[in-house]
Structure formats: C-alpha cells, structure tokens
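The file input02.tsv comes next; it holds TSV, C-alpha atoms.
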chain	number	residue	atom	x	y	z
I	208	GLN	CA	6.61	48.39	29.99
I	209	VAL	CA	6.57	47.50	33.66
I	210	GLN	CA	4.59	49.47	36.20
I	211	LEU	CA	5.62	49.53	39.85
I	212	VAL	CA	3.58	50.58	42.85
I	213	GLU	CA	5.20	50.87	46.26
I	214	SER	CA	3.39	50.81	49.57
I	215	GLY	CA	4.11	50.50	53.26
I	216	GLY	CA	5.88	53.74	54.02
I	217	GLY	CA	5.00	55.86	57.01
I	218	LEU	CA	6.14	57.48	60.21
I	219	VAL	CA	7.92	55.32	62.76
I	220	GLN	CA	10.17	55.84	65.74
I	221	ALA	CA	13.86	55.06	65.88
I	222	GLY	CA	14.38	51.35	66.40
I	223	ASP	CA	11.05	50.40	64.87
I	224	SER	CA	10.47	48.16	61.88
I	225	LEU	CA	8.66	48.74	58.62
I	226	ARG	CA	7.89	46.56	55.63
I	227	LEU	CA	7.72	48.03	52.16
I	228	SER	CA	6.06	46.32	49.24
I	229	CYS	CA	6.40	46.88	45.53
I	230	ALA	CA	3.99	45.29	43.09
I	231	ALA	CA	4.97	44.97	39.45
I	232	SER	CA	2.55	44.75	36.55
I	233	GLY	CA	2.82	44.74	32.80
I	234	ARG	CA	5.65	42.87	31.08
I	235	THR	CA	6.74	41.04	34.22
I	236	PHE	CA	7.90	37.97	32.30
I	237	SER	CA	11.03	39.89	31.37
I	238	LEU	CA	12.19	40.67	34.91
I	239	TYR	CA	15.88	40.13	35.71
I	240	ALA	CA	16.16	41.72	39.14
I	241	MET	CA	14.43	44.16	41.43
I	242	GLY	CA	15.99	46.57	43.83
I	243	TRP	CA	15.30	49.12	46.50
I	244	PHE	CA	16.81	52.57	46.68
I	245	ARG	CA	16.27	55.61	48.86
I	246	GLN	CA	16.87	59.29	48.45
I	247	ALA	CA	16.98	61.83	51.24
I	248	PRO	CA	16.64	65.56	50.58
I	249	GLY	CA	19.84	66.98	49.17
I	250	LYS	CA	21.46	63.56	48.83
I	251	GLU	CA	22.08	61.18	45.97
I	252	ARG	CA	19.92	58.15	45.41
I	253	GLU	CA	21.36	55.25	47.38
I	254	TRP	CA	21.07	51.58	46.47
I	255	LEU	CA	19.98	49.46	49.43
I	256	ALA	CA	19.29	45.94	48.25
I	257	GLY	CA	18.58	43.85	45.20
I	258	VAL	CA	17.15	40.44	44.46
I	259	SER	CA	17.62	38.20	41.47
I	260	TRP	CA	14.22	37.41	40.04
I	261	SER	CA	15.10	33.91	38.85
I	262	ASP	CA	16.76	32.43	41.93
I	263	GLY	CA	15.97	34.90	44.70
I	264	ASN	CA	19.59	35.62	45.58
I	265	ALA	CA	19.74	38.79	47.66
I	266	TYR	CA	22.39	41.48	47.83
I	267	TYR	CA	22.77	44.35	50.28
I	268	ALA	CA	24.57	47.60	50.77
I	269	ASP	CA	26.84	47.60	53.79
I	270	SER	CA	24.74	50.34	55.38
I	271	VAL	CA	21.72	48.04	55.73
I	272	LYS	CA	23.22	44.57	55.84
I	273	GLY	CA	21.93	42.67	58.84
I	274	ARG	CA	18.96	45.03	59.37
I	275	PHE	CA	17.12	44.99	56.04
I	276	THR	CA	15.85	41.94	54.19
I	277	ILE	CA	14.73	41.89	50.58
I	278	SER	CA	12.53	39.13	49.27
I	279	ARG	CA	10.35	38.47	46.29
I	280	ASP	CA	7.13	36.61	45.61
I	281	LYS	CA	7.15	35.54	41.97
I	282	ALA	CA	3.52	34.47	42.02
I	283	LYS	CA	2.49	37.98	43.07
I	284	ASN	CA	5.20	39.82	41.11
I	285	THR	CA	6.00	41.61	44.32
I	286	VAL	CA	9.21	42.49	46.10
I	287	TYR	CA	9.42	43.34	49.77
I	288	LEU	CA	11.86	45.21	51.96
I	289	GLN	CA	11.72	44.40	55.64
I	290	MET	CA	13.48	47.15	57.53
I	291	ASN	CA	14.43	46.68	61.17
I	292	SER	CA	16.15	48.94	63.69
I	293	LEU	CA	15.43	52.04	61.65
I	294	LYS	CA	17.43	55.19	62.32
I	295	PRO	CA	16.40	58.85	61.99
I	296	GLU	CA	19.03	59.37	59.31
I	297	GLU	CA	17.22	56.81	57.18
I	298	THR	CA	14.35	59.18	56.63
I	299	ALA	CA	13.95	59.33	52.88
I	300	VAL	CA	11.77	58.49	49.92
I	301	TYR	CA	12.16	54.80	49.18
I	302	TYR	CA	11.93	53.57	45.59
I	303	CYS	CA	11.72	50.17	44.03
I	304	ALA	CA	13.06	49.55	40.56
I	305	VAL	CA	13.25	46.81	37.99
I	306	GLN	CA	15.90	45.46	35.68
I	307	ARG	CA	14.72	43.80	32.49
I	308	ASP	CA	16.33	40.61	31.26
I	309	ILE	CA	18.46	41.71	28.32
I	310	GLY	CA	20.29	38.44	27.83
I	311	TYR	CA	23.45	39.03	29.82
I	312	TYR	CA	24.67	39.87	33.31
I	313	ARG	CA	23.65	43.19	34.83
I	314	PRO	CA	25.22	44.58	38.01
I	315	ILE	CA	22.63	45.01	40.71
I	316	SER	CA	23.65	48.20	42.49
I	317	PRO	CA	23.99	51.02	39.95
I	318	ALA	CA	20.83	53.06	39.54
I	319	ASN	CA	21.44	53.42	35.81
I	320	GLU	CA	21.14	49.64	35.43
I	321	TYR	CA	17.45	49.83	36.31
I	322	ASP	CA	14.83	50.32	33.64
I	323	TYR	CA	11.62	51.12	35.51
I	324	TRP	CA	10.98	52.93	38.75
I	325	GLY	CA	8.12	53.27	41.17
I	326	GLN	CA	6.80	56.59	42.38
I	327	GLY	CA	8.40	56.23	45.79
I	328	THR	CA	7.06	55.96	49.31
I	329	GLN	CA	8.03	58.24	52.18
I	330	VAL	CA	9.63	56.74	55.25
I	331	THR	CA	10.10	59.05	58.20
I	332	VAL	CA	11.97	57.88	61.28
I	333	SER	CA	11.60	60.11	64.33
I	334	SER	CA	14.14	60.22	67.13
Could you express the structure from this file as structure tokens?
Amino acid sequence: QVQLVESGGGLVQAGDSLRLSCAASGRTFSLYAMGWFRQAPGKEREWLAGVSWSDGNAYYADSVKGRFTISRDKAKNTVYLQMNSLKPEETAVYYCAVQRDIGYYRPISPANEYDYWGQGTQVTVSS
C-alpha cells in the first residue's frame, strides 16, 4: 500500500502561481511513476503531468505544457506541481497518483494505469 497526501491548494487570482505537493508513504520502494490529475465539477478527470520515479523524466498534457512543471524529490518521496499563469477554467480538485513498478512499461497518462490516489486538494482560480 502507498498513502498519498496532497497539499498546497487554495484560492488564487488568474495569472497567479501555485505549488502543489504530494507526499508518499508506505511501500514507496515500488514506485514507477507519479502523476497529477484534476477534475472540475461535471467533467472527467484530466491527466496533467507525470514523472518517472527512476530517472525524473517529465511528461505533460498539451493544456499545461510550458506553464506547469512536475518534479520529484526521491529522498522525501514527494512530487511537486508548480503551476504558473493559472486560469479560472483550471478551477478543480487536483489529485496526485502513483503507479507501482510491475516489471514492464506503463503508459503515464491514463488514469486507470494508476494504483493509488490522494484525497485531492482544491484549487480555485478567480477572474
């Protein structure tokens, strides 16, 4: 089991920045990748970014590329999402999630490829 706790959400104005954190605990030796998703009311959960746990390679959805940065600190078992130039339409609950290492390649964007999820943190962007 892996437990995830997100933090850093809040209320910001359009154009502001926010940094989310997600701390993992438990069986963290088996991590393969971590990712960030968001879900707005009435919408599907959207993948935003993912990072390979072993080498730190980062991947982004087109909607956030150039504005969001994902990073990980292996010593702290923590993944971060730096979000810049936030827009009101990005108001949502933001979730981090973990992929376990199961011995072969796992695609980083599909939500059903993730094994554990955090409880989510609300991000509200006012206009």
Worksheet item: Which residue out of I:Pro317, I:Gly273, I:Gly242, I:Gly327 has the minimum interatomic distance to Val300 in chain I when all atoms listed in the file are used?
Response: I:Gly327
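Closest approach to Trp254 in chain I among I:Ser316, I:Thr298, I:Gln289, I:Thr331: I:Ser316, based on only C-alpha atoms.
The neighbours of Leu227 in chain I here are the residues that come within 6 Å of it, using all atoms listed in the file and leaving out any residue fewer than 6 positions away in the same chain; they are I:Ser214, I:Gly215, I:Tyr287, I:Leu288.
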Practice prompt. Counting all atoms listed in the file, write as an MDAnalysis selection string all protein and nucleic acid residues lying at most 8 Å from (6.2, 46.2, 37.1) in the file's frame.
Written response: chainID I and resid 208:212 230:235 284 305 323
Worksheet item: Which residue, I:Ala221, I:Val258, I:Ala282, I:Cys229, has the smallest gap to Met241 in chain I when you use only C-alpha atoms?
Response: I:Val258
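Taking only C-alpha atoms into account, Ala318 in chain I lies nearest to I:Glu253 out of the set I:Asp269, I:Glu253, I:Asp280, I:Glu297.
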Discussion item. Using only C-alpha atoms, can you tell me which of I:Ser270, I:Ser333, I:Gly310, I:Glu296 comes closest to Asp223 in chain I?
Written reply: I:Ser333
Worksheet entry | Residue nearest Ser224 in chain I - candidates I:Val271, I:Ala265, I:Asn291, I:Lys281, atoms counted: all atoms listed in the file | I:Asn291
Item to complete: Have a look at CA of Leu238 in chain I and CA of Leu225 in chain I and let me know their distance in Å, one decimal.
Response: 25.3 Å
Worksheet item: Taking (18.9, 48.7, 31.6) in the file's coordinates as the center, which residues reach within 9 Å of it, counting only C-alpha atoms, put as a PyMOL selection string?
Response: chain I and resi 305-309+313+319-323
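Atom to atom, CA of Leu293 in chain I and CA of Tyr239 in chain I stand 28.5 Å apart.
Across the structure, CA of Ile277 in chain I and CA of Gln329 in chain I are spaced 17.7 Å apart.
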Kindly compute an axis-aligned box around the listed atoms of range 295-305 of chain I, allowing 8 Å on each side, and express its centre and edge lengths in Å to one decimal as lines of an AutoDock Vina configuration file.
center_x = 15.4
center_y = 53.1
center_z = 50.0
size_x = 23.3
size_y = 28.6
size_z = 40.0
Practice prompt. Tell me which protein, DNA and RNA residues are within 8 Å of Ser334 in chain I, counting only C-alpha atoms, leaving out same-chain ones fewer than 3 positions away, and put them as an MDAnalysis selection string.
Written response: chainID I and resid 220:221 294:295
